[in-house]
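*Asks:* This structure is in structure tokens; I'll ask about it shortly.
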Amino acid sequence: MSDNEKLEQLMAIHTEQLFRIAFYYTKDLQIAEDIVQDVFIKFYHQKQYEERGEMKAYLARMTINKCKDYLKSWAYRKITFQHKFFTKQKSVLQESLILQDEQALLDEAILRLPIKQREAIVYFYLEEMTIKEIPELLAIPEGTVKSRLKKGKELLKVDLQHIEWEVLFHG
Amino acid sequence: MDKHTMHVLQDVSEHKEAIIQKVRQQIQQEPFPSEPKWTYRAVTIMITCSILLFIAWQAAQPLDQLATEVTDEEKILTFTDLFQTEVEGTATTYSQYFQLADQLNQRENIKFYAPLQGFKAMQEVATTMGDAVHLIDPENLPFKANIQEVYAVTSDMKDGSLQKQFQFSYKEKSLTGVDLQYVHFTVTNVASNPLANREITENIESIEGSNLKNVGINFINPMYYREMTPELGFVYMYYNYDEAAKRIFHMTTRANEFYTYYNGYVYHIGYQLNGDRQKVQEKMTSIVREFILGD
């Protein structure tokens, strides 16, 4: 199998998950696309397919690292600054949107979580990873993952306490 | 909480297609074939280009000039052409903050060379480095540099290959030999990305009072900036030359610093300039990005 064929196969299998991961961090679909594209190109140029053990986890870690680099970059800070600057206008618009279902509110609340708690929540609940898999992916102890999950749920509860829940806390 | 998929991520097939298309396009534009094929293709392309260039050159020359020899201007100088005088040296320079990450403080078989003077010499050295360096015209610096010089220090890497460190210096030197204002761009080829180890970089970022800021060289690659902190123990080092003793020594001082890795090179830039601190920093950030990436 040629390198290109291997890459095609990898992209077919992993693109969707990596794209979701990139979105959890960047909260921007376009930037998530760019990051995943960059990950595949970097991976292709590394040319070490056979030496990698767990391909899914390896690509996920590459994506997470790229996302974290992006979150530290000047480009992201500029966007964050602009976002803060226009928050007032946005909130007025949001208030006018009366109909917003529970799912959308939950999505927003998850994306509002601090990055550490958000990571734990999305990998456990949204990506359905096990408590054993998450520490390996994030290179942190299992106990830390558990405490971040707990804290994340608490923060979500507080954030969403004004709504009656069907989707949250029944699992 | 039950299984939940974010609304915007419920159907990502369009994004998936877009990513795959972009990756395919990029790979087609910049082919990176496997090693044996790459060698054959490179040789074939070189031979073809040489033949075509020779034919074009012959066609463009009047007959009476065909016998003229290639002028010196067309010759691309190599490192050994440029740095011919080995001199004594005391110690090498490196970033005190990132020494754990890049280990440039631990070099072996170190050789120092007499620095070359003038912007033309800097350009010739930059040419040997391919696309790694985009020299800044002295006119575009925020101060008037009366000295432009380039230093070279070599050492052996773990795999036995040669590590070359260049320091491109722009200085305003006083009549008494004091560096009043300066910018030094130090570029070193390395085997791996020192910023790839997140554990180390996070430790460095968390050094108390380090005041490190990630200003980024582009959309994705980080670049750290550290403002001069006279009260802290961390110093900035750069090469200087004692003409009388034919010896390279390193100046130890404090400066504003940039540090990054890009395409196989570590870039460590130090500057001390007069003027409005904030404006100078903004200008220097832009200059450093241009030095690394080009226009």
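Residues are referred to by chain and number: the chain letter is A, B, ... according to the order shown in the structure tokens, the number counts from 1 in that chain, and ligands are numbered separately from 1 in the order shown.
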Enumerate as a PyMOL selection string the residues belonging to chain B that approach chain A to within 12 Å, with only C-alpha atoms taken into account.
*Replies:* chain B and resi 1-35+37+195-199+201-202+205+212-225+263+285
*Asks:* Write out as a list of chain:residue names the residues lying within 8 Å of Tyr238 in chain B, counting only C-alpha atoms and excluding same-chain residues fewer than 6 positions away.
*Replies:*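 Listing them by chain and then by number gives B:Thr93, B:Gln167, B:His184, B:His250, B:Met251, B:Thr252.
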*Asks:* Enumerate the residues of range 41-236 of chain B with a DSSP assignment of strand (DSSP E or B), computed from the backbone, and present them as a PyMOL selection string.
*Replies:* chain B and resi 86-89+108-117+147-156+162-173+179-189+212-214+223-226+236
*Asks:* Quick one: distance from CA of Asp276 in chain B to CA of Val235 in chain B in Å, one decimal?
*Replies:*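 According to the coordinates, CA of Asp276 in chain B and CA of Val235 in chain B are separated by 22.2 Å.
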*Asks:* Pick out the residues sitting within 12 Å of Leu138 in chain A, and hand them over as a PDB file with N, CA and C atoms, in the first residue's frame; count only C-alpha atoms, and ignore anything fewer than 6 positions along from it in its own chain.
*Replies:*
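Final file, selection.pdb:
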```pdb
ATOM      1  N   ALA A  57      -5.170   7.187  18.968  1.00  0.00           N
ATOM      2  CA  ALA A  57      -4.730   8.019  20.090  1.00  0.00           C
ATOM      3  C   ALA A  57      -3.608   8.958  19.652  1.00  0.00           C
ATOM      4  N   TYR A  58      -2.726   8.460  18.782  1.00  0.00           N
ATOM      5  CA  TYR A  58      -1.605   9.288  18.335  1.00  0.00           C
ATOM      6  C   TYR A  58      -2.105  10.503  17.557  1.00  0.00           C
ATOM      7  N   ALA A  60      -5.074  11.774  17.707  1.00  0.00           N
ATOM      8  CA  ALA A  60      -5.839  12.625  18.632  1.00  0.00           C
ATOM      9  C   ALA A  60      -4.897  13.518  19.430  1.00  0.00           C
ATOM     10  N   ARG A  61      -3.769  12.940  19.878  1.00  0.00           N
ATOM     11  CA  ARG A  61      -2.806  13.756  20.646  1.00  0.00           C
ATOM     12  C   ARG A  61      -2.209  14.858  19.780  1.00  0.00           C
ATOM     13  N   MET A  62      -1.903  14.512  18.509  1.00  0.00           N
ATOM     14  CA  MET A  62      -1.370  15.539  17.603  1.00  0.00           C
ATOM     15  C   MET A  62      -2.378  16.688  17.451  1.00  0.00           C
ATOM     16  N   THR A  63      -3.649  16.298  17.332  1.00  0.00           N
ATOM     17  CA  THR A  63      -4.703  17.307  17.158  1.00  0.00           C
ATOM     18  C   THR A  63      -4.816  18.177  18.412  1.00  0.00           C
ATOM     19  N   ILE A  64      -4.802  17.519  19.567  1.00  0.00           N
ATOM     20  CA  ILE A  64      -4.919  18.266  20.829  1.00  0.00           C
ATOM     21  C   ILE A  64      -3.752  19.247  20.971  1.00  0.00           C
ATOM     22  N   ASN A  65      -2.548  18.777  20.668  1.00  0.00           N
ATOM     23  CA  ASN A  65      -1.377  19.666  20.775  1.00  0.00           C
ATOM     24  C   ASN A  65      -1.488  20.858  19.841  1.00  0.00           C
ATOM     25  N   LYS A  68      -3.965  23.261  21.257  1.00  0.00           N
ATOM     26  CA  LYS A  68      -3.448  24.018  22.398  1.00  0.00           C
ATOM     27  C   LYS A  68      -2.451  25.071  21.922  1.00  0.00           C
ATOM     28  N   LYS A 116      -9.894  22.475  30.950  1.00  0.00           N
ATOM     29  CA  LYS A 116      -9.577  21.207  31.616  1.00  0.00           C
ATOM     30  C   LYS A 116     -10.839  20.404  31.894  1.00  0.00           C
ATOM     31  N   GLU A 119     -12.424  19.228  28.519  1.00  0.00           N
ATOM     32  CA  GLU A 119     -11.770  18.037  27.966  1.00  0.00           C
ATOM     33  C   GLU A 119     -12.364  16.770  28.578  1.00  0.00           C
ATOM     34  N   ALA A 120     -12.428  16.764  29.904  1.00  0.00           N
ATOM     35  CA  ALA A 120     -12.908  15.563  30.595  1.00  0.00           C
ATOM     36  C   ALA A 120     -14.341  15.251  30.191  1.00  0.00           C
ATOM     37  N   TYR A 123     -14.670  14.088  26.335  1.00  0.00           N
ATOM     38  CA  TYR A 123     -14.146  12.765  26.016  1.00  0.00           C
ATOM     39  C   TYR A 123     -14.982  11.662  26.671  1.00  0.00           C
ATOM     40  N   MET A 129     -15.312   7.844  25.690  1.00  0.00           N
ATOM     41  CA  MET A 129     -14.063   7.165  26.057  1.00  0.00           C
ATOM     42  C   MET A 129     -14.198   6.671  27.493  1.00  0.00           C
ATOM     43  N   ILE A 131     -12.771   5.744  31.411  1.00  0.00           N
ATOM     44  CA  ILE A 131     -11.954   6.447  32.410  1.00  0.00           C
ATOM     45  C   ILE A 131     -10.491   6.020  32.301  1.00  0.00           C
ATOM     46  N   LYS A 132     -10.219   4.887  31.696  1.00  0.00           N
ATOM     47  CA  LYS A 132      -8.831   4.436  31.490  1.00  0.00           C
ATOM     48  C   LYS A 132      -8.222   5.104  30.265  1.00  0.00           C
ATOM     49  N   THR A 144      -7.121  12.653  38.453  1.00  0.00           N
ATOM     50  CA  THR A 144      -7.341  14.020  37.958  1.00  0.00           C
ATOM     51  C   THR A 144      -8.512  14.057  36.984  1.00  0.00           C
ATOM     52  N   VAL A 145      -8.584  13.034  36.132  1.00  0.00           N
ATOM     53  CA  VAL A 145      -9.700  12.972  35.180  1.00  0.00           C
ATOM     54  C   VAL A 145     -11.024  12.911  35.938  1.00  0.00           C
TER      55      VAL A 145
ATOM     56  N   ARG B 198       5.692  19.325  25.569  1.00  0.00           N
ATOM     57  CA  ARG B 198       4.788  20.233  26.276  1.00  0.00           C
ATOM     58  C   ARG B 198       5.122  20.334  27.765  1.00  0.00           C
ATOM     59  N   GLU B 199       5.581  19.198  28.305  1.00  0.00           N
ATOM     60  CA  GLU B 199       5.872  19.198  29.740  1.00  0.00           C
ATOM     61  C   GLU B 199       6.957  20.217  30.052  1.00  0.00           C
TER      62      GLU B 199
END
```
*Asks:* Would you list the contacts of Thr188 in chain B as a list in words, taking every protein, DNA or RNA residue within 6 Å and counting only C-alpha atoms, but skipping same-chain residues closer than 2 positions in sequence?
*Replies:*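 Counting only the stated atoms, we get Lys164, Gln165, Tyr265 and Val266 of chain B.
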*Asks:* Would you mind exporting C-alpha atoms of the selected residues as a CSV table (one decimal), in the first residue's frame?
*Replies:*
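part-v7.csv was written with the following content:
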```csv
chain,number,residue,atom,x,y,z
B,164,LYS,CA,25.9,25.4,12.7
B,165,GLN,CA,25.0,28.4,14.8
B,265,TYR,CA,16.0,25.7,13.3
B,266,VAL,CA,16.0,27.3,16.7
```
*Asks:* Mind checking DSSP for range 45-278 of chain B and telling me the alpha helix (DSSP H) residues as a tab-separated table (two decimals) with N, CA and C atoms, in the first residue's frame?
*Replies:*
```tsv
chain	number	residue	atom	x	y	z
B	45	ILE	N	15.06	15.42	-12.46
B	45	ILE	CA	14.69	16.84	-12.61
B	45	ILE	C	15.94	17.70	-12.77
B	46	MET	N	16.96	17.39	-11.96
B	46	MET	CA	18.19	18.18	-12.02
B	46	MET	C	18.86	18.06	-13.39
B	47	ILE	N	18.92	16.83	-13.90
B	47	ILE	CA	19.56	16.63	-15.21
B	47	ILE	C	18.78	17.35	-16.29
B	48	THR	N	17.44	17.20	-16.24
B	48	THR	CA	16.61	17.85	-17.25
B	48	THR	C	16.78	19.36	-17.21
B	49	CYS	N	16.73	19.91	-15.98
B	49	CYS	CA	16.87	21.36	-15.84
B	49	CYS	C	18.23	21.82	-16.34
B	50	SER	N	19.27	21.06	-16.01
B	50	SER	CA	20.62	21.44	-16.44
B	50	SER	C	20.69	21.51	-17.96
B	51	ILE	N	20.14	20.48	-18.61
B	51	ILE	CA	20.18	20.44	-20.08
B	51	ILE	C	19.43	21.63	-20.66
B	52	LEU	N	18.23	21.86	-20.12
B	52	LEU	CA	17.41	22.96	-20.63
B	52	LEU	C	18.10	24.30	-20.42
B	53	LEU	N	18.68	24.48	-19.23
B	53	LEU	CA	19.37	25.74	-18.94
B	53	LEU	C	20.58	25.93	-19.86
B	54	PHE	N	21.28	24.84	-20.11
B	54	PHE	CA	22.46	24.92	-20.98
B	54	PHE	C	22.04	25.34	-22.39
B	55	ILE	N	20.96	24.71	-22.88
B	55	ILE	CA	20.48	25.05	-24.23
B	55	ILE	C	20.04	26.51	-24.27
B	56	ALA	N	19.29	26.92	-23.24
B	56	ALA	CA	18.80	28.30	-23.19
B	56	ALA	C	19.95	29.28	-23.11
B	57	TRP	N	20.95	28.93	-22.33
B	57	TRP	CA	22.10	29.82	-22.16
B	57	TRP	C	22.87	29.97	-23.47
B	58	GLN	N	23.04	28.81	-24.17
B	58	GLN	CA	23.77	28.85	-25.44
B	58	GLN	C	23.01	29.67	-26.46
B	59	ALA	N	21.70	29.50	-26.46
B	59	ALA	CA	20.89	30.23	-27.44
B	59	ALA	C	20.91	31.72	-27.18
B	60	ALA	N	21.04	32.09	-25.91
B	60	ALA	CA	20.98	33.52	-25.56
B	60	ALA	C	22.32	34.22	-25.74
B	79	PHE	N	29.72	27.23	3.17
B	79	PHE	CA	30.14	27.61	4.51
B	79	PHE	C	31.67	27.68	4.61
B	80	THR	N	32.34	26.66	4.03
B	80	THR	CA	33.82	26.64	4.14
B	80	THR	C	34.46	27.72	3.30
B	81	ASP	N	33.79	28.14	2.21
B	81	ASP	CA	34.32	29.28	1.43
B	81	ASP	C	34.28	30.54	2.27
B	82	LEU	N	33.20	30.67	3.05
B	82	LEU	CA	32.97	31.93	3.77
B	82	LEU	C	33.76	32.00	5.08
B	99	GLN	N	17.20	26.32	27.70
B	99	GLN	CA	18.35	25.41	27.60
B	99	GLN	C	17.95	23.96	27.93
B	100	LEU	N	16.96	23.80	28.80
B	100	LEU	CA	16.51	22.44	29.12
B	100	LEU	C	15.84	21.80	27.92
B	101	ALA	N	15.18	22.63	27.13
B	101	ALA	CA	14.44	22.10	25.99
B	101	ALA	C	15.37	21.85	24.80
B	102	ASP	N	16.24	22.81	24.46
B	102	ASP	CA	17.05	22.63	23.24
B	102	ASP	C	18.45	22.07	23.53
B	119	PHE	N	26.98	43.86	5.45
B	119	PHE	CA	25.68	43.28	5.09
B	119	PHE	C	25.82	42.29	3.93
B	120	LYS	N	26.77	42.57	3.03
B	120	LYS	CA	26.96	41.67	1.88
B	120	LYS	C	27.38	40.27	2.38
B	121	ALA	N	28.29	40.26	3.35
B	121	ALA	CA	28.73	38.98	3.92
B	121	ALA	C	27.55	38.27	4.60
B	122	MET	N	26.72	39.06	5.29
B	122	MET	CA	25.54	38.46	5.94
B	122	MET	C	24.63	37.82	4.89
B	123	GLN	N	24.49	38.50	3.76
B	123	GLN	CA	23.63	37.96	2.69
B	123	GLN	C	24.21	36.66	2.13
B	124	GLU	N	25.55	36.63	1.99
B	124	GLU	CA	26.18	35.41	1.46
B	124	GLU	C	25.98	34.23	2.41
B	125	VAL	N	26.07	34.51	3.71
B	125	VAL	CA	25.86	33.44	4.69
B	125	VAL	C	24.39	33.00	4.67
B	126	ALA	N	23.51	33.97	4.60
B	126	ALA	CA	22.07	33.65	4.58
B	126	ALA	C	21.74	32.76	3.39
B	127	THR	N	22.41	33.00	2.27
B	127	THR	CA	22.16	32.20	1.06
B	127	THR	C	22.49	30.72	1.30
B	128	THR	N	23.50	30.46	2.12
B	128	THR	CA	23.86	29.05	2.38
B	128	THR	C	22.80	28.34	3.21
B	198	ARG	N	5.69	19.33	25.57
B	198	ARG	CA	4.79	20.23	26.28
B	198	ARG	C	5.12	20.33	27.76
B	199	GLU	N	5.58	19.20	28.31
B	199	GLU	CA	5.87	19.20	29.74
B	199	GLU	C	6.96	20.22	30.05
B	200	ILE	N	8.02	20.21	29.23
B	200	ILE	CA	9.13	21.14	29.45
B	200	ILE	C	8.69	22.58	29.20
B	201	THR	N	7.98	22.81	28.09
B	201	THR	CA	7.59	24.19	27.78
B	201	THR	C	6.62	24.73	28.84
B	202	GLU	N	5.74	23.86	29.34
B	202	GLU	CA	4.82	24.34	30.38
B	202	GLU	C	5.58	24.67	31.66
B	203	ASN	N	6.62	23.86	31.96
B	203	ASN	CA	7.46	24.18	33.12
B	203	ASN	C	8.15	25.52	32.95
B	204	ILE	N	8.66	25.76	31.74
B	204	ILE	CA	9.36	27.01	31.47
B	204	ILE	C	8.39	28.19	31.61
B	205	GLU	N	7.20	28.00	31.03
B	205	GLU	CA	6.21	29.08	31.10
B	205	GLU	C	5.83	29.41	32.54
B	277	ARG	N	8.98	51.58	24.63
B	277	ARG	CA	9.11	50.14	24.83
B	277	ARG	C	8.07	49.34	24.04
B	278	GLN	N	6.82	49.78	24.12
B	278	GLN	CA	5.74	49.06	23.47
B	278	GLN	C	5.85	49.11	21.95
```
*Asks:* What is the CA of Asn189 in chain B-CA of Lys144 in chain B distance in Å, reported with one decimal?
*Replies:*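 Going from CA of Asn189 in chain B over to CA of Lys144 in chain B, I get 29.3 Å.
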*Asks:* Could you work out how far CA of Val280 in chain B lies from CA of Ala145 in chain B, giving the answer in Å with one decimal?
*Replies:*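 These atoms are spaced 15.2 Å apart.
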*Asks:* Just the residues within 12 Å of Pro138 in chain B, please, counting only C-alpha atoms, with nothing from its chain fewer than 4 positions along; format it as a PyMOL selection string.
*Replies:* chain B and resi 118-120+122-123+142-149+168-172+182-183+287
*Asks:* Please determine, counting only C-alpha atoms, which residue among A:Leu113, A:Ile21, A:Ile31, A:Leu59 has the shortest atom-to-atom distance to Gly152 in chain A.
*Replies:*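 Closest to Gly152 in chain A, using only C-alpha atoms: A:Leu113.
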